[in-house]
Each structure stands twice: as structure tokens, then as C-alpha cells.
Amino acid sequence: DTGVSQNPRHKITKRGQNVTFRCDPISEHNRLYWYRQTLGQGPEFLTYFQNEAQLEKSRLLSDRFSAERPKGSFSTLEIQRTEQGDSAMYLCASSIQGVGKLFFGSGTQLSVL
Amino acid sequence: AQTVTQSQPEMSVQEAETVTLSCTYDTSESDYYLFWYKQPPSRQMILVIRQEAYKQQNATENRFSVNFQKAAKSFSLKISDSQLGDAAMYFCASIASMNRDDKIIFGKGTRLHILP
């Protein structure tokens with residue numbers, strides 16, 4: 001069990017640029033979740049997948065955000081035309097369906113200048 | 001909508017003492033999970049303890065235990081024999097629906113300081 005892996009750990013970008021983050025879940029986990037966390041706040045749900053199907057998207061996920069899990073394994077979260085308000089920690093988590101127990105990665109810290 | 005409320009932004013406890021972190025939640029479901037997660041400075045979210053709502057017995061994991069009051073919708077975390085390594089943000093959380101695979105909703109957290 002290698003845990004949930006997220007890359008990169010840190011990303012600094014200029015406003016208006018596109019960024020993409022990657023999440024590799026625990027290998028046998030079929031559920032994958034994305035959360036966003038700003039300083040001093042709890043994680044906010046963005047979206048989740050069961051295998052390759054995206055089951056729910058939060059209203060927080062504007063049209064500039066897109067997430068994919070093409071083969072039901074790793075997932076990517078892309079933010080287009082980044083804004084300063086997108087600066088946050090982006091957390092990925094995975095679980096086995098029916099267990100109700102999420103395992104989190106270390107997150108990707110995004111700073112938009 | 002499911003909500004989780006943590007009313008203590010920060011708390012401090014002397015090393016080796018006991019501390020209790022409070023959490024209340026609101027749900028219309030009859031069956032759900034509740035969680036406490038720990039987030040140290042590394043920002044890695046670590047599951048501390050989990051409680052299934054249908055179980056009357058309070059969950060316990062070593063020095064960590066909960067006081068689950070279903071009627072009052074209260075779910076507090078007790079840390080006994082506090083250690084320096086317990087210093088972290090603690091988040092109370094719940095599954096949003098009876099679907100145990102639904103998303104987890106988090107409170108805003110309580111920052112716990114351990115005083116040597």
C-alpha cells in the first residue's frame with residue numbers, strides 16, 4: 001500500500017495560465033475524490049469519481065475546472081485561466097466502494113500570482 | 001443539506017492532560033458515518049477515528065475516544081494523555097447521506113496546541 005500520491009506538491013503560476021494536477025489513488029480503490037482547502041478552513045468537496053465515471057460536481061467547480069479519470073486509475077484536475085482566488089491546497093482522496101473510509105494524499109498547494 | 005459545526009477555533013492543553021474537542025452536525029438521515037481527521041503541519045489528512053451512527057457504543061482508538069450523542073447530534077473527540085505529536089488541526093466530518101460512499105463534509109476545524 002503506497003498511499004495516495006499527488007503531483008506536484010507545489011505549483012506557482014501567473015494569473016491566466018492553465019494548470020493541471022495529478023492524483024494516483026491506492027491501487028484497488030475505485031472511488032476518487034477532489035477537495036479544495038484554503039488556509040484556516042476545512043476541505044471543501046469539488047467532485048468525485050467511481051471508476052471512470054464522474055458522479056457529482058460541486059457548484060464550487062466552475063466551468064474553468066475540469067476533472068478526468070480516463071481509465072479509472074489516476075485522475076487529473078485542470079484549472080484554466082487561473083485566478084488569484086484559485087490559490088488553495090487541492091486534496092485528493094480515494095476509497096473502496098462500500099467502506100466509507102477515505103485516504104488522503106498530501107495535496108497540491110497552488111499559488112496564483 | 002448536511003452541516004458540520006466546530007465552535008472552537010483553537011484549544012490548548014498541557015502535555016499528558018486530557019482535552020475534548022466539540023462538534024455538532026445536522027442531518028436528516030438515520031444512518032451515516034462520523035469522523036475525526038487530524039491534519040498536522042505537513043497538511044496530510046489522517047483519519048483518527050470513525051463512528052457508525054447505528055452503533056450505540058462510542059468508538060475508541062488507543063488514546064482517542066468519542067462521545068457520540070445521536071439525539072443531540074453531538075460528536076466530541078477526547079484525547080487522553082496528550083502528546084506533543086497531537087498538535088494539529090482536527091476536523092470533524094460526516095458522510096453526506098445514507099450512501100456510505102457519498103462525499104464527506106468537513107467542519108472548519110479546531111487547532112490544538114500542546115503545551116510542554
# chains A, B, ... in the order shown; residues from 1 in each chain; ligands from 1
>>> interface_residues(of="chain A", to="chain B", cutoff="12 Å", atoms="only C-alpha atoms", output="MDAnalysis selection string")
chainID A and resid 3:6 9 29:50 55:58 88:109
>>> atom_distance(atom1="CA of Gly72 (chain A)", atom2="CA of Glu52 (chain A)")
4.2 Å
>>> residues_around(residues="Ile114 (chain B)", least_positions_apart="3", cutoff="10 Å", atoms="only C-alpha atoms", output="mmCIF file with N, CA and C atoms, in the first residue's frame")
data_model
loop_
_atom_site.group_PDB
_atom_site.id
_atom_site.type_symbol
_atom_site.label_atom_id
_atom_site.label_comp_id
_atom_site.auth_asym_id
_atom_site.auth_seq_id
_atom_site.Cartn_x
_atom_site.Cartn_y
_atom_site.Cartn_z
ATOM 1 N N MET B 11 -7.661 25.430 20.654
ATOM 2 C CA MET B 11 -7.640 24.953 22.032
ATOM 3 C C MET B 11 -6.207 24.627 22.406
ATOM 4 N N SER B 12 -5.943 24.683 23.699
ATOM 5 C CA SER B 12 -4.620 24.332 24.212
ATOM 6 C C SER B 12 -4.773 23.361 25.374
ATOM 7 N N VAL B 13 -3.822 22.481 25.484
ATOM 8 C CA VAL B 13 -3.837 21.514 26.586
ATOM 9 C C VAL B 13 -2.398 21.250 27.023
ATOM 10 N N GLN B 14 -2.235 21.009 28.293
ATOM 11 C CA GLN B 14 -0.914 20.681 28.816
ATOM 12 C C GLN B 14 -0.585 19.239 28.429
ATOM 13 N N GLU B 15 0.666 19.008 28.106
ATOM 14 C CA GLU B 15 1.119 17.660 27.782
ATOM 15 C C GLU B 15 0.726 16.708 28.911
ATOM 16 N N ALA B 16 0.248 15.521 28.512
ATOM 17 C CA ALA B 16 -0.185 14.443 29.407
ATOM 18 C C ALA B 16 -1.599 14.643 29.970
ATOM 19 N N GLU B 17 -2.190 15.808 29.716
ATOM 20 C CA GLU B 17 -3.552 16.040 30.181
ATOM 21 C C GLU B 17 -4.558 15.569 29.121
ATOM 22 N N VAL B 19 -8.012 16.412 26.766
ATOM 23 C CA VAL B 19 -8.709 17.523 26.121
ATOM 24 C C VAL B 19 -9.878 16.968 25.303
ATOM 25 N N SER B 82 -2.335 13.643 26.402
ATOM 26 C CA SER B 82 -1.919 14.407 25.218
ATOM 27 C C SER B 82 -0.407 14.393 25.034
ATOM 28 N N GLN B 83 0.000 14.252 23.787
ATOM 29 C CA GLN B 83 1.409 14.231 23.439
ATOM 30 C C GLN B 83 1.719 15.359 22.460
ATOM 31 N N LEU B 84 3.000 15.757 22.418
ATOM 32 C CA LEU B 84 3.395 16.864 21.543
ATOM 33 C C LEU B 84 3.001 16.581 20.085
ATOM 34 N N GLY B 85 3.044 15.318 19.708
ATOM 35 C CA GLY B 85 2.695 14.948 18.342
ATOM 36 C C GLY B 85 1.215 15.062 18.028
ATOM 37 N N ASP B 86 0.413 15.332 19.031
ATOM 38 C CA ASP B 86 -1.027 15.519 18.789
ATOM 39 C C ASP B 86 -1.341 16.928 18.296
ATOM 40 N N ALA B 87 -0.376 17.822 18.360
ATOM 41 C CA ALA B 87 -0.598 19.187 17.900
ATOM 42 C C ALA B 87 -0.920 19.185 16.411
ATOM 43 N N ALA B 88 -2.078 19.733 16.061
ATOM 44 C CA ALA B 88 -2.550 19.676 14.675
ATOM 45 C C ALA B 88 -3.889 20.381 14.574
#
>>> select_by_dssp(residues="chain A", states="strand (DSSP E or B)", output="compact mmCIF listing (two decimals) with all heavy atoms, in the first residue's frame")
# COMPACT_ATOMS: atom_id res chain seq x y z
N SER A 5 -1.02 9.38 -3.98
CA SER A 5 0.08 10.23 -4.41
C SER A 5 -0.43 11.41 -5.23
O SER A 5 -1.26 11.22 -6.14
CB SER A 5 1.07 9.40 -5.24
OG SER A 5 2.11 10.22 -5.75
N GLN A 6 0.04 12.60 -4.91
CA GLN A 6 -0.36 13.78 -5.67
C GLN A 6 0.87 14.51 -6.18
O GLN A 6 1.86 14.66 -5.46
CB GLN A 6 -1.19 14.74 -4.80
CG GLN A 6 -2.56 14.20 -4.46
CD GLN A 6 -3.41 15.23 -3.77
OE1 GLN A 6 -3.74 15.11 -2.60
NE2 GLN A 6 -3.80 16.27 -4.53
N ASN A 7 0.77 14.96 -7.42
CA ASN A 7 1.86 15.73 -8.03
C ASN A 7 1.31 16.89 -8.85
O ASN A 7 0.24 16.77 -9.47
CB ASN A 7 2.67 14.81 -8.96
CG ASN A 7 3.51 13.84 -8.17
OD1 ASN A 7 4.49 14.21 -7.54
ND2 ASN A 7 3.10 12.58 -8.17
N HIS A 10 3.80 21.42 -5.04
CA HIS A 10 3.61 22.87 -5.07
C HIS A 10 3.57 23.33 -6.52
O HIS A 10 4.29 22.79 -7.36
CB HIS A 10 4.75 23.60 -4.35
CG HIS A 10 4.95 23.16 -2.93
ND1 HIS A 10 4.23 23.68 -1.89
CD2 HIS A 10 5.76 22.22 -2.39
CE1 HIS A 10 4.61 23.11 -0.75
NE2 HIS A 10 5.52 22.21 -1.04
N LYS A 11 2.74 24.35 -6.77
CA LYS A 11 2.67 24.92 -8.11
C LYS A 11 2.46 26.42 -7.97
O LYS A 11 1.51 26.86 -7.29
CB LYS A 11 1.51 24.29 -8.90
CG LYS A 11 1.34 24.85 -10.30
CD LYS A 11 2.46 24.42 -11.21
CE LYS A 11 2.22 24.91 -12.65
NZ LYS A 11 3.34 24.53 -13.54
N ILE A 12 3.35 27.17 -8.58
CA ILE A 12 3.21 28.62 -8.63
C ILE A 12 2.96 29.00 -10.08
O ILE A 12 3.70 28.57 -10.97
CB ILE A 12 4.47 29.33 -8.09
CG1 ILE A 12 4.72 28.91 -6.63
CG2 ILE A 12 4.31 30.84 -8.19
CD1 ILE A 12 6.03 29.43 -6.06
N THR A 13 1.94 29.77 -10.30
CA THR A 13 1.59 30.15 -11.66
C THR A 13 1.13 31.60 -11.70
O THR A 13 0.80 32.19 -10.68
CB THR A 13 0.50 29.22 -12.22
OG1 THR A 13 0.37 29.43 -13.63
CG2 THR A 13 -0.84 29.49 -11.56
N VAL A 19 -3.31 25.21 -15.32
CA VAL A 19 -2.53 24.27 -14.51
C VAL A 19 -3.26 22.93 -14.47
O VAL A 19 -4.49 22.87 -14.58
CB VAL A 19 -2.31 24.78 -13.07
CG1 VAL A 19 -1.44 26.03 -13.06
CG2 VAL A 19 -3.63 25.02 -12.37
N THR A 20 -2.47 21.88 -14.31
CA THR A 20 -3.03 20.52 -14.20
C THR A 20 -2.36 19.80 -13.05
O THR A 20 -1.14 19.83 -12.92
CB THR A 20 -2.82 19.72 -15.50
OG1 THR A 20 -3.47 20.40 -16.57
CG2 THR A 20 -3.42 18.32 -15.37
N PHE A 21 -3.17 19.15 -12.23
CA PHE A 21 -2.67 18.37 -11.11
C PHE A 21 -3.02 16.90 -11.35
O PHE A 21 -4.04 16.59 -11.96
CB PHE A 21 -3.32 18.80 -9.78
CG PHE A 21 -3.32 20.27 -9.54
CD1 PHE A 21 -4.43 20.89 -8.99
CD2 PHE A 21 -2.21 21.05 -9.85
CE1 PHE A 21 -4.44 22.25 -8.76
CE2 PHE A 21 -2.21 22.41 -9.62
CZ PHE A 21 -3.35 23.01 -9.07
N ARG A 22 -2.19 16.04 -10.78
CA ARG A 22 -2.43 14.61 -10.94
C ARG A 22 -2.59 13.94 -9.59
O ARG A 22 -1.93 14.31 -8.61
CB ARG A 22 -1.26 13.96 -11.69
CG ARG A 22 -1.39 12.44 -11.81
CD ARG A 22 -0.29 11.85 -12.62
NE ARG A 22 -0.29 10.39 -12.53
CZ ARG A 22 -0.26 9.59 -13.59
NH1 ARG A 22 -0.22 10.09 -14.82
NH2 ARG A 22 -0.26 8.27 -13.43
N CYS A 23 -3.46 12.95 -9.55
CA CYS A 23 -3.66 12.15 -8.35
C CYS A 23 -3.62 10.67 -8.72
O CYS A 23 -4.35 10.23 -9.62
CB CYS A 23 -5.00 12.47 -7.70
SG CYS A 23 -5.44 11.37 -6.33
N ASP A 24 -2.78 9.92 -8.02
CA ASP A 24 -2.75 8.46 -8.16
C ASP A 24 -3.31 7.85 -6.89
O ASP A 24 -2.68 7.94 -5.83
CB ASP A 24 -1.32 7.98 -8.40
CG ASP A 24 -0.82 8.33 -9.79
OD1 ASP A 24 -0.25 9.44 -9.96
OD2 ASP A 24 -1.04 7.51 -10.70
N ARG A 31 -13.09 4.53 -5.83
CA ARG A 31 -13.63 5.86 -5.63
C ARG A 31 -12.49 6.86 -5.50
O ARG A 31 -11.49 6.58 -4.83
CB ARG A 31 -14.47 5.91 -4.36
CG ARG A 31 -15.79 5.16 -4.46
CD ARG A 31 -16.84 6.04 -5.08
NE ARG A 31 -18.09 5.33 -5.31
CZ ARG A 31 -19.29 5.82 -5.09
NH1 ARG A 31 -19.41 7.04 -4.62
NH2 ARG A 31 -20.37 5.11 -5.35
N LEU A 32 -12.64 8.02 -6.14
CA LEU A 32 -11.62 9.06 -6.07
C LEU A 32 -12.31 10.40 -5.90
O LEU A 32 -13.27 10.71 -6.61
CB LEU A 32 -10.76 9.05 -7.34
CG LEU A 32 -9.54 9.97 -7.34
CD1 LEU A 32 -8.40 9.33 -8.15
CD2 LEU A 32 -9.84 11.36 -7.84
N TYR A 33 -11.82 11.21 -4.97
CA TYR A 33 -12.43 12.48 -4.59
C TYR A 33 -11.42 13.62 -4.73
O TYR A 33 -10.24 13.44 -4.43
CB TYR A 33 -12.90 12.45 -3.13
CG TYR A 33 -13.87 11.34 -2.79
CD1 TYR A 33 -13.44 10.03 -2.61
CD2 TYR A 33 -15.23 11.60 -2.62
CE1 TYR A 33 -14.33 9.02 -2.28
CE2 TYR A 33 -16.12 10.59 -2.28
CZ TYR A 33 -15.67 9.31 -2.11
OH TYR A 33 -16.55 8.31 -1.79
N TRP A 34 -11.91 14.79 -5.11
CA TRP A 34 -11.11 16.01 -5.09
C TRP A 34 -11.75 17.00 -4.12
O TRP A 34 -12.97 17.21 -4.14
CB TRP A 34 -11.04 16.65 -6.47
CG TRP A 34 -10.12 15.98 -7.44
CD1 TRP A 34 -10.45 15.10 -8.43
CD2 TRP A 34 -8.70 16.13 -7.53
NE1 TRP A 34 -9.34 14.69 -9.13
CE2 TRP A 34 -8.24 15.32 -8.60
CE3 TRP A 34 -7.75 16.88 -6.81
CZ2 TRP A 34 -6.89 15.23 -8.96
CZ3 TRP A 34 -6.43 16.79 -7.18
CH2 TRP A 34 -6.01 15.98 -8.24
N TYR A 35 -10.89 17.60 -3.29
CA TYR A 35 -11.31 18.63 -2.35
C TYR A 35 -10.39 19.84 -2.52
O TYR A 35 -9.24 19.71 -2.95
CB TYR A 35 -11.21 18.15 -0.90
CG TYR A 35 -12.28 17.20 -0.46
CD1 TYR A 35 -12.21 15.84 -0.77
CD2 TYR A 35 -13.38 17.64 0.27
CE1 TYR A 35 -13.20 14.96 -0.37
CE2 TYR A 35 -14.38 16.77 0.68
CZ TYR A 35 -14.28 15.43 0.36
OH TYR A 35 -15.26 14.57 0.76
N ARG A 36 -10.89 21.00 -2.10
CA ARG A 36 -10.08 22.21 -2.07
C ARG A 36 -10.09 22.75 -0.64
O ARG A 36 -11.14 22.76 0.03
CB ARG A 36 -10.65 23.27 -3.02
CG ARG A 36 -9.84 24.55 -3.06
CD ARG A 36 -10.36 25.49 -4.14
NE ARG A 36 -11.68 25.99 -3.85
CZ ARG A 36 -12.40 26.71 -4.71
NH1 ARG A 36 -11.93 26.96 -5.91
NH2 ARG A 36 -13.59 27.15 -4.36
N GLN A 37 -8.92 23.18 -0.19
CA GLN A 37 -8.81 23.69 1.17
C GLN A 37 -8.04 25.00 1.18
O GLN A 37 -6.90 25.07 0.72
CB GLN A 37 -8.09 22.68 2.08
CG GLN A 37 -8.04 23.09 3.54
CD GLN A 37 -7.34 22.08 4.42
OE1 GLN A 37 -6.52 21.29 3.96
NE2 GLN A 37 -7.64 22.10 5.71
N GLU A 44 -13.20 21.52 1.19
CA GLU A 44 -14.49 21.66 0.51
C GLU A 44 -14.54 20.69 -0.66
O GLU A 44 -13.63 20.63 -1.47
CB GLU A 44 -14.68 23.08 -0.01
CG GLU A 44 -14.72 24.14 1.06
CD GLU A 44 -14.73 25.53 0.43
OE1 GLU A 44 -13.78 25.86 -0.29
OE2 GLU A 44 -15.72 26.26 0.66
N PHE A 45 -15.64 19.97 -0.74
CA PHE A 45 -15.82 18.97 -1.79
C PHE A 45 -15.89 19.63 -3.17
O PHE A 45 -16.58 20.64 -3.35
CB PHE A 45 -17.09 18.18 -1.53
CG PHE A 45 -17.51 17.31 -2.67
CD1 PHE A 45 -16.89 16.10 -2.92
CD2 PHE A 45 -18.56 17.71 -3.51
CE1 PHE A 45 -17.29 15.30 -3.98
CE2 PHE A 45 -18.95 16.91 -4.57
CZ PHE A 45 -18.32 15.71 -4.80
N LEU A 46 -15.17 19.05 -4.13
CA LEU A 46 -15.24 19.54 -5.52
C LEU A 46 -15.95 18.54 -6.43
O LEU A 46 -16.89 18.88 -7.13
CB LEU A 46 -13.83 19.79 -6.06
CG LEU A 46 -13.05 20.95 -5.42
CD1 LEU A 46 -11.66 21.04 -6.04
CD2 LEU A 46 -13.80 22.26 -5.54
N THR A 47 -15.46 17.29 -6.44
CA THR A 47 -16.02 16.30 -7.35
C THR A 47 -15.56 14.91 -6.93
O THR A 47 -14.62 14.78 -6.15
CB THR A 47 -15.61 16.57 -8.80
OG1 THR A 47 -16.33 15.67 -9.67
CG2 THR A 47 -14.11 16.37 -9.01
N TYR A 48 -16.28 13.88 -7.41
CA TYR A 48 -15.77 12.53 -7.18
C TYR A 48 -16.14 11.58 -8.31
O TYR A 48 -17.09 11.83 -9.07
CB TYR A 48 -16.15 12.00 -5.81
CG TYR A 48 -17.55 11.45 -5.62
CD1 TYR A 48 -17.78 10.07 -5.60
CD2 TYR A 48 -18.62 12.29 -5.37
CE1 TYR A 48 -19.04 9.56 -5.36
CE2 TYR A 48 -19.88 11.79 -5.14
CZ TYR A 48 -20.10 10.43 -5.12
OH TYR A 48 -21.35 9.93 -4.89
N PHE A 49 -15.36 10.51 -8.39
CA PHE A 49 -15.48 9.51 -9.43
C PHE A 49 -15.70 8.13 -8.82
O PHE A 49 -15.17 7.81 -7.77
CB PHE A 49 -14.20 9.42 -10.28
CG PHE A 49 -13.90 10.66 -11.07
CD1 PHE A 49 -13.26 11.74 -10.48
CD2 PHE A 49 -14.23 10.73 -12.41
CE1 PHE A 49 -12.97 12.87 -11.21
CE2 PHE A 49 -13.94 11.86 -13.16
CZ PHE A 49 -13.31 12.94 -12.55
N GLN A 50 -16.46 7.33 -9.54
CA GLN A 50 -16.44 5.89 -9.30
C GLN A 50 -15.90 5.28 -10.57
O GLN A 50 -16.52 5.41 -11.63
CB GLN A 50 -17.83 5.34 -8.99
CG GLN A 50 -17.79 3.81 -8.82
CD GLN A 50 -19.05 3.27 -8.21
OE1 GLN A 50 -19.55 3.83 -7.24
NE2 GLN A 50 -19.56 2.18 -8.77
N ALA A 53 -16.27 7.10 -14.09
CA ALA A 53 -17.48 7.93 -14.15
C ALA A 53 -17.45 9.02 -13.09
O ALA A 53 -17.26 8.75 -11.91
CB ALA A 53 -18.72 7.05 -13.96
N GLN A 54 -17.66 10.26 -13.54
CA GLN A 54 -17.74 11.39 -12.62
C GLN A 54 -19.17 11.46 -12.09
O GLN A 54 -20.10 11.77 -12.83
CB GLN A 54 -17.35 12.68 -13.33
CG GLN A 54 -17.20 13.88 -12.40
CD GLN A 54 -16.61 15.10 -13.12
OE1 GLN A 54 -16.66 15.19 -14.34
NE2 GLN A 54 -16.05 16.02 -12.37
N LEU A 55 -19.36 11.21 -10.81
CA LEU A 55 -20.69 11.07 -10.24
C LEU A 55 -21.29 12.37 -9.74
O LEU A 55 -22.52 12.51 -9.72
CB LEU A 55 -20.69 10.03 -9.12
CG LEU A 55 -20.30 8.61 -9.51
CD1 LEU A 55 -20.53 7.66 -8.35
CD2 LEU A 55 -21.08 8.15 -10.74
N GLU A 56 -20.47 13.28 -9.29
CA GLU A 56 -21.02 14.53 -8.75
C GLU A 56 -19.99 15.64 -8.86
O GLU A 56 -18.79 15.40 -8.71
CB GLU A 56 -21.42 14.36 -7.29
CG GLU A 56 -22.12 15.58 -6.70
CD GLU A 56 -22.60 15.36 -5.27
OE1 GLU A 56 -22.63 14.20 -4.80
OE2 GLU A 56 -22.97 16.36 -4.62
N LYS A 57 -20.47 16.83 -9.15
CA LYS A 57 -19.63 18.02 -9.19
C LYS A 57 -20.25 19.08 -8.30
O LYS A 57 -21.45 19.34 -8.38
CB LYS A 57 -19.53 18.56 -10.62
CG LYS A 57 -18.74 17.71 -11.57
CD LYS A 57 -18.83 18.22 -12.99
CE LYS A 57 -18.29 19.62 -13.15
NZ LYS A 57 -18.23 20.06 -14.55
N PHE A 65 -12.88 24.70 -14.31
CA PHE A 65 -12.34 23.50 -13.69
C PHE A 65 -12.85 22.27 -14.43
O PHE A 65 -14.04 22.18 -14.75
CB PHE A 65 -12.79 23.38 -12.23
CG PHE A 65 -12.15 24.35 -11.29
CD1 PHE A 65 -12.46 25.70 -11.34
CD2 PHE A 65 -11.23 23.91 -10.34
CE1 PHE A 65 -11.87 26.59 -10.46
CE2 PHE A 65 -10.64 24.80 -9.46
CZ PHE A 65 -10.97 26.14 -9.52
N SER A 66 -11.95 21.32 -14.68
CA SER A 66 -12.38 20.05 -15.24
C SER A 66 -11.55 18.93 -14.63
O SER A 66 -10.36 19.10 -14.37
CB SER A 66 -12.26 20.04 -16.76
OG SER A 66 -10.91 20.21 -17.14
N ALA A 67 -12.21 17.83 -14.37
CA ALA A 67 -11.53 16.68 -13.80
C ALA A 67 -11.83 15.46 -14.65
O ALA A 67 -12.93 15.32 -15.18
CB ALA A 67 -11.97 16.45 -12.36
N GLU A 68 -10.83 14.59 -14.75
CA GLU A 68 -10.99 13.36 -15.51
C GLU A 68 -10.36 12.20 -14.76
O GLU A 68 -9.44 12.38 -13.97
CB GLU A 68 -10.30 13.48 -16.88
CG GLU A 68 -10.91 14.48 -17.82
CD GLU A 68 -10.20 14.48 -19.17
OE1 GLU A 68 -9.06 13.99 -19.26
OE2 GLU A 68 -10.82 14.97 -20.13
N SER A 75 -6.22 10.33 -11.73
CA SER A 75 -7.13 11.42 -12.10
C SER A 75 -6.33 12.70 -12.30
O SER A 75 -5.27 12.89 -11.70
CB SER A 75 -8.18 11.63 -11.01
OG SER A 75 -9.01 12.74 -11.29
N THR A 76 -6.85 13.58 -13.13
CA THR A 76 -6.27 14.90 -13.30
C THR A 76 -7.33 15.96 -13.03
O THR A 76 -8.52 15.76 -13.31
CB THR A 76 -5.71 15.11 -14.72
OG1 THR A 76 -6.75 14.89 -15.67
CG2 THR A 76 -4.56 14.15 -15.00
N LEU A 77 -6.87 17.04 -12.46
CA LEU A 77 -7.73 18.21 -12.22
C LEU A 77 -7.06 19.39 -12.94
O LEU A 77 -5.92 19.72 -12.65
CB LEU A 77 -7.86 18.50 -10.72
CG LEU A 77 -8.67 19.75 -10.33
CD1 LEU A 77 -10.14 19.55 -10.69
CD2 LEU A 77 -8.53 20.04 -8.85
N GLU A 78 -7.77 19.98 -13.89
CA GLU A 78 -7.24 21.10 -14.64
C GLU A 78 -7.99 22.37 -14.31
O GLU A 78 -9.23 22.35 -14.21
CB GLU A 78 -7.33 20.84 -16.15
CG GLU A 78 -6.75 21.99 -16.98
CD GLU A 78 -6.89 21.78 -18.48
OE1 GLU A 78 -7.68 20.93 -18.91
OE2 GLU A 78 -6.19 22.51 -19.23
N ILE A 79 -7.25 23.43 -14.13
CA ILE A 79 -7.85 24.75 -13.94
C ILE A 79 -7.39 25.63 -15.09
O ILE A 79 -6.18 25.82 -15.30
CB ILE A 79 -7.44 25.40 -12.60
CG1 ILE A 79 -7.68 24.44 -11.44
CG2 ILE A 79 -8.22 26.69 -12.40
CD1 ILE A 79 -7.17 24.97 -10.10
N ALA A 88 -5.02 27.74 -3.31
CA ALA A 88 -5.52 26.85 -2.28
C ALA A 88 -4.71 25.56 -2.31
O ALA A 88 -3.88 25.35 -3.19
CB ALA A 88 -7.00 26.51 -2.51
N MET A 89 -4.99 24.70 -1.35
CA MET A 89 -4.47 23.33 -1.36
C MET A 89 -5.53 22.46 -2.02
O MET A 89 -6.71 22.51 -1.63
CB MET A 89 -4.21 22.85 0.07
CG MET A 89 -3.82 21.38 0.16
SD MET A 89 -2.15 21.07 -0.37
CE MET A 89 -1.27 21.51 1.12
N TYR A 90 -5.13 21.67 -2.99
CA TYR A 90 -6.06 20.76 -3.67
C TYR A 90 -5.73 19.34 -3.20
O TYR A 90 -4.64 18.84 -3.41
CB TYR A 90 -5.97 20.90 -5.18
CG TYR A 90 -6.54 22.23 -5.63
CD1 TYR A 90 -5.77 23.38 -5.59
CD2 TYR A 90 -7.87 22.34 -6.00
CE1 TYR A 90 -6.31 24.61 -5.94
CE2 TYR A 90 -8.42 23.56 -6.36
CZ TYR A 90 -7.62 24.70 -6.32
OH TYR A 90 -8.17 25.92 -6.66
N LEU A 91 -6.71 18.74 -2.54
CA LEU A 91 -6.53 17.42 -1.93
C LEU A 91 -7.27 16.36 -2.73
O LEU A 91 -8.38 16.57 -3.20
CB LEU A 91 -7.08 17.43 -0.50
CG LEU A 91 -6.38 18.32 0.52
CD1 LEU A 91 -7.22 18.45 1.77
CD2 LEU A 91 -5.02 17.75 0.85
N CYS A 92 -6.62 15.22 -2.85
CA CYS A 92 -7.23 14.06 -3.49
C CYS A 92 -7.37 12.97 -2.45
O CYS A 92 -6.53 12.85 -1.54
CB CYS A 92 -6.35 13.58 -4.64
SG CYS A 92 -6.91 12.08 -5.45
N ALA A 93 -8.44 12.21 -2.54
CA ALA A 93 -8.65 11.09 -1.63
C ALA A 93 -9.23 9.92 -2.41
O ALA A 93 -9.86 10.10 -3.45
CB ALA A 93 -9.60 11.49 -0.50
N SER A 94 -9.02 8.72 -1.90
CA SER A 94 -9.60 7.55 -2.55
C SER A 94 -10.18 6.61 -1.50
O SER A 94 -9.85 6.69 -0.31
CB SER A 94 -8.55 6.82 -3.41
OG SER A 94 -7.55 6.21 -2.62
N SER A 95 -11.05 5.73 -1.96
CA SER A 95 -11.67 4.77 -1.06
C SER A 95 -12.14 3.55 -1.85
O SER A 95 -12.22 3.58 -3.08
CB SER A 95 -12.87 5.40 -0.33
OG SER A 95 -13.95 5.59 -1.22
N PHE A 103 -8.92 7.86 2.18
CA PHE A 103 -7.49 8.04 2.41
C PHE A 103 -7.03 9.22 1.56
O PHE A 103 -7.28 9.24 0.36
CB PHE A 103 -6.71 6.78 2.04
CG PHE A 103 -7.01 5.61 2.92
CD1 PHE A 103 -8.12 4.81 2.68
CD2 PHE A 103 -6.20 5.30 4.00
CE1 PHE A 103 -8.42 3.73 3.50
CE2 PHE A 103 -6.48 4.22 4.83
CZ PHE A 103 -7.60 3.44 4.58
N PHE A 104 -6.35 10.17 2.20
CA PHE A 104 -5.97 11.40 1.53
C PHE A 104 -4.51 11.39 1.09
O PHE A 104 -3.65 10.81 1.75
CB PHE A 104 -6.19 12.60 2.45
CG PHE A 104 -7.62 13.03 2.54
CD1 PHE A 104 -8.49 12.40 3.40
CD2 PHE A 104 -8.10 14.06 1.76
CE1 PHE A 104 -9.83 12.78 3.49
CE2 PHE A 104 -9.43 14.47 1.83
CZ PHE A 104 -10.29 13.82 2.70
N THR A 108 -1.76 19.26 -3.35
CA THR A 108 -1.00 20.15 -4.22
C THR A 108 -1.33 21.58 -3.81
O THR A 108 -2.51 21.97 -3.84
CB THR A 108 -1.36 19.96 -5.71
OG1 THR A 108 -0.95 18.66 -6.12
CG2 THR A 108 -0.66 21.02 -6.56
N GLN A 109 -0.31 22.32 -3.40
CA GLN A 109 -0.51 23.71 -3.00
C GLN A 109 -0.36 24.60 -4.23
O GLN A 109 0.71 24.64 -4.83
CB GLN A 109 0.51 24.11 -1.93
CG GLN A 109 0.37 25.55 -1.46
CD GLN A 109 -0.92 25.79 -0.71
OE1 GLN A 109 -1.26 25.07 0.23
NE2 GLN A 109 -1.67 26.82 -1.11
N LEU A 110 -1.43 25.28 -4.60
CA LEU A 110 -1.42 26.17 -5.76
C LEU A 110 -1.35 27.62 -5.30
O LEU A 110 -2.16 28.05 -4.46
CB LEU A 110 -2.67 25.97 -6.61
CG LEU A 110 -2.86 26.96 -7.76
CD1 LEU A 110 -1.76 26.78 -8.81
CD2 LEU A 110 -4.24 26.81 -8.40
N SER A 111 -0.41 28.35 -5.87
CA SER A 111 -0.32 29.79 -5.62
C SER A 111 -0.43 30.50 -6.96
O SER A 111 0.36 30.24 -7.87
CB SER A 111 1.01 30.15 -4.96
OG SER A 111 1.12 29.53 -3.70
N VAL A 112 -1.43 31.37 -7.08
CA VAL A 112 -1.65 32.13 -8.31
C VAL A 112 -1.23 33.57 -8.06
O VAL A 112 -1.79 34.25 -7.19
CB VAL A 112 -3.12 32.06 -8.75
CG1 VAL A 112 -3.31 32.83 -10.06
CG2 VAL A 112 -3.57 30.61 -8.92
>>> closest_residue(among="B:Lys70, B:Lys55, B:Lys78, B:His113", to="Trp36 (chain B)", atoms="only C-alpha atoms")
B:Lys78
>>> atom_distance(atom1="CA of Pro70 (chain A)", atom2="CA of Ile26 (chain A)")
15.9 Å
